[in-house]
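Student: One structure is given below, represented as structure tokens, and several questions about it will come after.
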Amino acid sequence: MNLAIKDIRHGLFRFVLTCFGLGLLMTVVLAMIGIYNGLVADALAVVKAPAADIWVVEAGTQGPFAEASSIPADTRDAVARMPGVAEAGAITYQTIEAAHAGQTLRLYVIGFEPGRPGGPQRIAEGRGLGTSHFELLADRKTGLVLGDTIRLGRNRFSVAGLVEDAMNSVGDPAVYVTLADALTLQTALDPAAARVQVARGDQGIRPATVAAVIARLEPGADVALLTATVRQWKHLAALSQTEQEDLLLASVVDRARRQIGLFLGILLSVSAVVIALIIYTMTMEKLKQIATLKLIGAPDRTIVALIVQQAMLLGASGLGIGLALILLVKDNFPRRVVLEPFNALVLTGIILVVCLVASGLGVRAALKVDPATALGG
Amino acid sequence: MTLGDILVNVQGVAKHYGEGETRVDALRSIDLRVHAGEVIALLGPSGSGKTTLLNVIGCILAPTAGRVELDGDAVFDGIWLRSDLRRLRLDKIGFIFQAHNLLPFLTAEENVSVVLDLAGWSAAKGRARARELLDYLEVGHRAKVKPALLSGGEAQRVAIARALANRPRIILADEPTAALDSGRAQLVMDLLRKLATEQEACIIAVTHDEKIFDRFDRLIHLRDGRLADA
Ligand SMILES: Nc1ncnc2c1ncn2[C@@H]1O[C@H](COP(=O)(O)OP(=O)(O)OP(=O)(O)O)[C@@H](O)[C@H]1O
Ligand SMILES: [Mg+2]
């Protein structure tokens, strides 16, 4: 006869309600873990997208994400010629606002050279960019669909393809355009004074600048050696891919990450206390019945099993409901919610420990209770 | 009538609650022997120590002084001599409490069979034994009902069935017939008498019910924590 199940079935509505409440709490915890992961994944998406080995940027800057970087576009040729470099591409980044379907879209415009590193790894729908002008690849989160047109700067771009999970570290969805279009766009968005200069015929004097040049290396090439070589050049600095990723996490999203991390910590503590309280209260309410069980001769084993089984069932149901709910709603979040099996596993471990500790407290009280208290009457 | 083994042997047992100004001497030097086959009534005014004495014999309450032997084993002599008091209760003592103390989350039948489950009976045998007792006590038709829906008398009879389920040799009953009409009270007394004879058990029952006094072998009077044999 399983007393834990019998007791739960006796007060089923209440138990289900408690599980559901706990489930909602677990949903929030899981959402927070997912948001935290999503923040990191989103932040790294922009660095990871070009699948580069080396980032060549302006000397003295930690560009192009942590700081602004501007280098001559022809740096690409110099980098491409370096021994060990398989291919290199120039790349630009700018954030602009554009009107679409009556709404203002904030877009992260990535300019790259088609056929060279810098473009998206995968086109989800449509085709990639060729040499033709005023085409773009848009992230799905922009809401743009194939064939849509949108005005960026002075020109109207048409959507040639769609990509996924492309955005900058604050979550603005990305659009990819050709480097040539990106440079035109840059000029169009220059301050008025600069544009006046251009109109006067200064065009030729100002060389095209890009944010960075990225390079993919030949197998076996020495990243450290190459970055060291680039650093010797005037006006240039170089970062390896890992340095770039670390830099982005450390500088750009660090505070947001710590903010969410701390909140997650608080949330976990609150959950732990709530779970412990529920289990402890559940046991304390049963003290008289536990005393009765002792009176009729039930061994400690039976009483411990009653408490621990109920605690485990509560924890498991709460976690199960939480997981089910978060999987149901996670795609409706405006930014990515990324949950790895590992996260669920760690949370399971934490809940397990909390349930055990809480039932430990209950068990302590239950084992201390004098069977005579059942007689109160 | 020849007397069977001594099942309960209480010597010089005293019990007081509290200390100093609030001290209550519930029992003062009680000597009592009960033999197998005996059905004994414990009488006395309210507060005279009847429940306290039953609890001491039932190993629920440690006396302040004295010695207690159950079924030939010394269980208390200034301190508890056994660490497995609950197992002892499960195997040897059936307790019918003043308040019925049924577990609210189990049905009437389960409240009885849980004892057998703890004692290691198979589920089927436990259920059959529970049904048999409940049927005898005329509450078989309420077997699937939870205690909250039972009348006081029905709950009392279920509690009696629970106390008797594991065939204990020492049955302690605190007002077992208080909630019952006289017909059912007689029925319970018949059952207790039958058990005493067939299982060589002893019954110690607290009662105020004069209608059943003639069903006991001995009436023991308690007054201010002392025995006053009649
Ligand atoms: N836990 C306790 N703490 C303090 N005093 C107690 C406690 N239990 C019982 N007493 C006191 O001990 C005395 C004997 O109580 P007991 O319950 O044994 O009486 P009783 O004969 O069973 O009475 P009743 O017929 O009313 O059930 C009473 O004076 C009672 O107030
Ligand atoms: Mg009493």
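By convention here, the chains of the structure tokens are called A, B, ... in the order presented, each chain's residues are numbered starting at 1, and ligands are numbered starting at 1 in the order presented.
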Kindly provide, as a list of chain:residue names, all nucleotide and amino acid residues lying within 10 Å of ligand 2, counting only C-alpha atoms and all ligand atoms.
Tutor: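 I would give the residues around ligand 2 as A:Leu375, A:Gly377, B:Gly44, B:Pro45, B:Ser46, B:Gly47, B:Ser48, B:Gly49, B:Lys50, B:Thr51, B:Thr52, B:Leu53, B:Leu54, B:Asn55, B:Phe97, B:Gln98, B:Ala99, B:Asp174, B:Glu175, B:Val206, B:Thr207.
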Student: Taking only C-alpha atoms into account and nothing else, which residues of chain A lie no more than 9 Å away from chain B? Please answer as a list in words.
Tutor: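 Filtering chain A at 9 Å from chain B with only C-alpha atoms gives Met1, Leu3, Lys6, Asp7, Ile8, Arg9, His10, Gly11, Lys288, Gln289, Thr292, Leu293, Lys294, Leu295, Ile296, Gly297, Ala298, Pro299, Thr302, Asp370, Pro371, Ala372, Ala374, Leu375, Gly376 and Gly377 of chain A.
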Student: Within 10 Å of B:Gly66, counting only C-alpha atoms, which residues show up once you throw out same-chain ones fewer than 4 positions away? Write them as a PyMOL selection string, please.
Tutor: chain B and resi 10-15+28-31+62+76-79
Student: What would the file look like if the residues just selected were written as a PDB file, in the first residue's frame with N, CA, C and O atoms?
Tutor:
```pdb
ATOM      1  N   VAL B  10       2.522  -4.933  35.541  1.00  0.00           N
ATOM      2  CA  VAL B  10       2.924  -3.555  35.844  1.00  0.00           C
ATOM      3  C   VAL B  10       3.275  -3.488  37.319  1.00  0.00           C
ATOM      4  O   VAL B  10       2.484  -3.910  38.165  1.00  0.00           O
ATOM      5  N   GLN B  11       4.474  -2.991  37.649  1.00  0.00           N
ATOM      6  CA  GLN B  11       4.893  -2.949  39.053  1.00  0.00           C
ATOM      7  C   GLN B  11       5.383  -1.566  39.428  1.00  0.00           C
ATOM      8  O   GLN B  11       6.312  -1.040  38.829  1.00  0.00           O
ATOM      9  N   GLY B  12       4.711  -1.010  40.414  1.00  0.00           N
ATOM     10  CA  GLY B  12       5.154   0.269  40.987  1.00  0.00           C
ATOM     11  C   GLY B  12       5.234   1.398  39.978  1.00  0.00           C
ATOM     12  O   GLY B  12       6.084   2.276  40.080  1.00  0.00           O
ATOM     13  N   VAL B  13       4.320   1.364  39.017  1.00  0.00           N
ATOM     14  CA  VAL B  13       4.407   2.395  37.975  1.00  0.00           C
ATOM     15  C   VAL B  13       3.821   3.718  38.464  1.00  0.00           C
ATOM     16  O   VAL B  13       2.738   3.765  39.036  1.00  0.00           O
ATOM     17  N   ALA B  14       4.588   4.775  38.284  1.00  0.00           N
ATOM     18  CA  ALA B  14       4.128   6.125  38.615  1.00  0.00           C
ATOM     19  C   ALA B  14       4.355   7.010  37.405  1.00  0.00           C
ATOM     20  O   ALA B  14       5.270   6.777  36.619  1.00  0.00           O
ATOM     21  N   LYS B  15       3.461   7.969  37.265  1.00  0.00           N
ATOM     22  CA  LYS B  15       3.648   8.915  36.167  1.00  0.00           C
ATOM     23  C   LYS B  15       3.135  10.279  36.605  1.00  0.00           C
ATOM     24  O   LYS B  15       2.004  10.403  37.083  1.00  0.00           O
ATOM     25  N   ARG B  28       0.107   6.853  40.640  1.00  0.00           N
ATOM     26  CA  ARG B  28       1.001   6.739  41.800  1.00  0.00           C
ATOM     27  C   ARG B  28       1.109   5.266  42.164  1.00  0.00           C
ATOM     28  O   ARG B  28       0.168   4.681  42.674  1.00  0.00           O
ATOM     29  N   SER B  29       2.241   4.684  41.903  1.00  0.00           N
ATOM     30  CA  SER B  29       2.541   3.308  42.285  1.00  0.00           C
ATOM     31  C   SER B  29       1.430   2.303  41.953  1.00  0.00           C
ATOM     32  O   SER B  29       0.701   1.850  42.820  1.00  0.00           O
ATOM     33  N   ILE B  30       1.328   2.014  40.710  1.00  0.00           N
ATOM     34  CA  ILE B  30       0.311   1.065  40.242  1.00  0.00           C
ATOM     35  C   ILE B  30       0.928  -0.334  40.124  1.00  0.00           C
ATOM     36  O   ILE B  30       2.011  -0.489  39.563  1.00  0.00           O
ATOM     37  N   ASP B  31       0.242  -1.321  40.694  1.00  0.00           N
ATOM     38  CA  ASP B  31       0.618  -2.722  40.466  1.00  0.00           C
ATOM     39  C   ASP B  31      -0.558  -3.410  39.810  1.00  0.00           C
ATOM     40  O   ASP B  31      -1.673  -3.329  40.299  1.00  0.00           O
ATOM     41  N   ALA B  62       6.227   6.947  28.496  1.00  0.00           N
ATOM     42  CA  ALA B  62       7.195   6.411  29.449  1.00  0.00           C
ATOM     43  C   ALA B  62       6.760   6.803  30.854  1.00  0.00           C
ATOM     44  O   ALA B  62       6.518   7.972  31.122  1.00  0.00           O
ATOM     45  N   PHE B  76      10.067  -1.991  30.198  1.00  0.00           N
ATOM     46  CA  PHE B  76      10.441  -0.743  30.854  1.00  0.00           C
ATOM     47  C   PHE B  76      10.903  -1.045  32.270  1.00  0.00           C
ATOM     48  O   PHE B  76      10.270  -1.801  32.990  1.00  0.00           O
ATOM     49  N   ASP B  77      12.024  -0.435  32.620  1.00  0.00           N
ATOM     50  CA  ASP B  77      12.482  -0.544  34.004  1.00  0.00           C
ATOM     51  C   ASP B  77      13.288   0.705  34.290  1.00  0.00           C
ATOM     52  O   ASP B  77      14.505   0.701  34.196  1.00  0.00           O
ATOM     53  N   GLY B  78      12.559   1.786  34.581  1.00  0.00           N
ATOM     54  CA  GLY B  78      13.239   3.073  34.724  1.00  0.00           C
ATOM     55  C   GLY B  78      13.506   3.707  33.377  1.00  0.00           C
ATOM     56  O   GLY B  78      13.383   4.927  33.219  1.00  0.00           O
ATOM     57  N   ILE B  79      13.889   2.916  32.413  1.00  0.00           N
ATOM     58  CA  ILE B  79      14.025   3.383  31.029  1.00  0.00           C
ATOM     59  C   ILE B  79      13.433   2.320  30.106  1.00  0.00           C
ATOM     60  O   ILE B  79      13.185   1.192  30.542  1.00  0.00           O
TER      61      ILE B  79
END
```
Student: Hey, what's within 8 Å of B:Leu3 if we count only C-alpha atoms and toss same-chain stuff fewer than 6 positions away? As a PDB file with N, CA, C and O atoms, in the first residue's frame, please?
Tutor:
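Result went into selection-v5.pdb, see below:
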```
ATOM      1  N   HIS B  35      -3.916 -11.575  32.954  1.00  0.00           N
ATOM      2  CA  HIS B  35      -3.580 -12.869  32.365  1.00  0.00           C
ATOM      3  C   HIS B  35      -4.227 -13.046  31.012  1.00  0.00           C
ATOM      4  O   HIS B  35      -5.214 -12.386  30.696  1.00  0.00           O
ATOM      5  N   ALA B  36      -3.683 -13.949  30.240  1.00  0.00           N
ATOM      6  CA  ALA B  36      -4.285 -14.296  28.947  1.00  0.00           C
ATOM      7  C   ALA B  36      -5.698 -14.793  29.189  1.00  0.00           C
ATOM      8  O   ALA B  36      -5.949 -15.526  30.146  1.00  0.00           O
ATOM      9  N   GLY B  37      -6.624 -14.373  28.355  1.00  0.00           N
ATOM     10  CA  GLY B  37      -8.012 -14.804  28.481  1.00  0.00           C
ATOM     11  C   GLY B  37      -8.859 -13.890  29.348  1.00  0.00           C
ATOM     12  O   GLY B  37     -10.077 -14.012  29.369  1.00  0.00           O
TER      13      GLY B  37
END
```
Student: May I have the residues within 7 Å of stretch 315-324 of chain A as a list in words, using only C-alpha atoms and disregarding those fewer than 6 positions away in the same chain?
Tutor: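 These residues fall inside the cut-off: Cys19, Phe20, Leu22, Gly23, Leu24, Met26, Thr27, Ile351 and Cys355 of chain A.
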Student: Only N, CA, C and O atoms, please: the residues just picked out, written as a short mmCIF file (atom, residue, chain, number, x, y, z; two decimals), in the first residue's frame.
Tutor:
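Saved result, part27.cif, follows:
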```cif
data_model
loop_
_atom_site.label_atom_id
_atom_site.label_comp_id
_atom_site.auth_asym_id
_atom_site.auth_seq_id
_atom_site.Cartn_x
_atom_site.Cartn_y
_atom_site.Cartn_z
N CYS A 19 1.24 21.61 -7.74
CA CYS A 19 2.16 21.23 -8.82
C CYS A 19 2.12 22.26 -9.93
O CYS A 19 3.14 22.64 -10.49
N PHE A 20 0.91 22.70 -10.25
CA PHE A 20 0.76 23.66 -11.33
C PHE A 20 1.45 24.98 -10.98
O PHE A 20 2.17 25.56 -11.79
N LEU A 22 3.89 25.39 -8.91
CA LEU A 22 5.32 25.12 -8.95
C LEU A 22 5.78 25.05 -10.40
O LEU A 22 6.86 25.54 -10.76
N GLY A 23 4.93 24.45 -11.25
CA GLY A 23 5.24 24.35 -12.67
C GLY A 23 5.42 25.73 -13.29
O GLY A 23 6.35 25.96 -14.07
N LEU A 24 4.53 26.67 -12.92
CA LEU A 24 4.64 28.03 -13.45
C LEU A 24 5.96 28.66 -13.01
O LEU A 24 6.64 29.32 -13.78
N MET A 26 8.65 27.08 -12.27
CA MET A 26 9.71 26.42 -13.03
C MET A 26 9.77 26.98 -14.45
O MET A 26 10.84 27.12 -15.04
N THR A 27 8.59 27.31 -15.00
CA THR A 27 8.56 27.90 -16.33
C THR A 27 9.35 29.21 -16.34
O THR A 27 10.15 29.47 -17.25
N ILE A 351 16.59 20.91 -8.37
CA ILE A 351 15.28 20.64 -7.77
C ILE A 351 15.35 19.38 -6.91
O ILE A 351 14.80 19.32 -5.81
N CYS A 355 14.43 19.34 -3.08
CA CYS A 355 13.37 18.45 -2.57
C CYS A 355 13.91 17.55 -1.46
O CYS A 355 13.26 17.35 -0.44
#
```
Student: In stretch 302-377 of chain A, what's helix (DSSP H, G or I) per DSSP? Answer as number ranges by chain?
Tutor: A: 302-332, 341-368, 371-375
Student: Name the closest residue to ligand 1 among the candidates B:Leu133, B:Val139, B:Leu227, B:Leu81; distances are taken between atoms, counting only C-alpha atoms and all ligand atoms.
Tutor: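 When distances to ligand 1 are compared using only C-alpha atoms and all ligand atoms, the smallest one comes from B:Leu227.
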Student: Looking only at strand (DSSP E) from DSSP on the backbone, list the matching residues of stretch 62-145 of chain B as a PyMOL selection string.
Tutor: chain B and resi 65-70+73-77+93-96
Student: Could you give me, as a ChimeraX atom specification, the residues within 9 Å of B:Glu154, counting only C-alpha atoms and dropping anything in the same chain fewer than 5 positions from it?
Tutor: /B:137-139,142,147,159,179-180
Student: How many Å separate atom CA of A:Val354 from atom CA of A:Val308?
Tutor: 11.5 Å
Student: Give me the residues near A:Gly60 as a PyMOL selection string, where near means some atom within 9 Å (using only C-alpha atoms) and where sequence neighbours in that chain fewer than 5 positions away do not count.
Tutor: chain A and resi 235-237
Student: Here is a test: counting only C-alpha atoms, which residue of A:Asn37, A:Asn2, A:Thr95, A:Thr187 is nearest to A:Val338?
Tutor: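 Looking at the shortest contact to A:Val338, the residue is A:Asn37.
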Student: Closest to B:Ala108 among B:Gln156, B:Thr64, B:Ser83, B:Asn166, using only C-alpha atoms?
Tutor: B:Gln156
Student: For atom CA of A:Leu179 and atom CA of A:Thr104, determine how far apart the two atoms are, in Å to one decimal place.
Tutor: 23.7 Å
Student: Quick one: distance from atom CA of B:Trp80 to atom CA of B:Leu116 in Å, one decimal?
Tutor: 25.4 Å
Student: Using only C-alpha atoms, pick whichever of A:Arg76, A:Arg116, A:His100, A:Arg156 has the shortest atom-to-atom distance to A:Val230.
Tutor: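 Smallest separation from A:Val230 among the options: A:Arg76.
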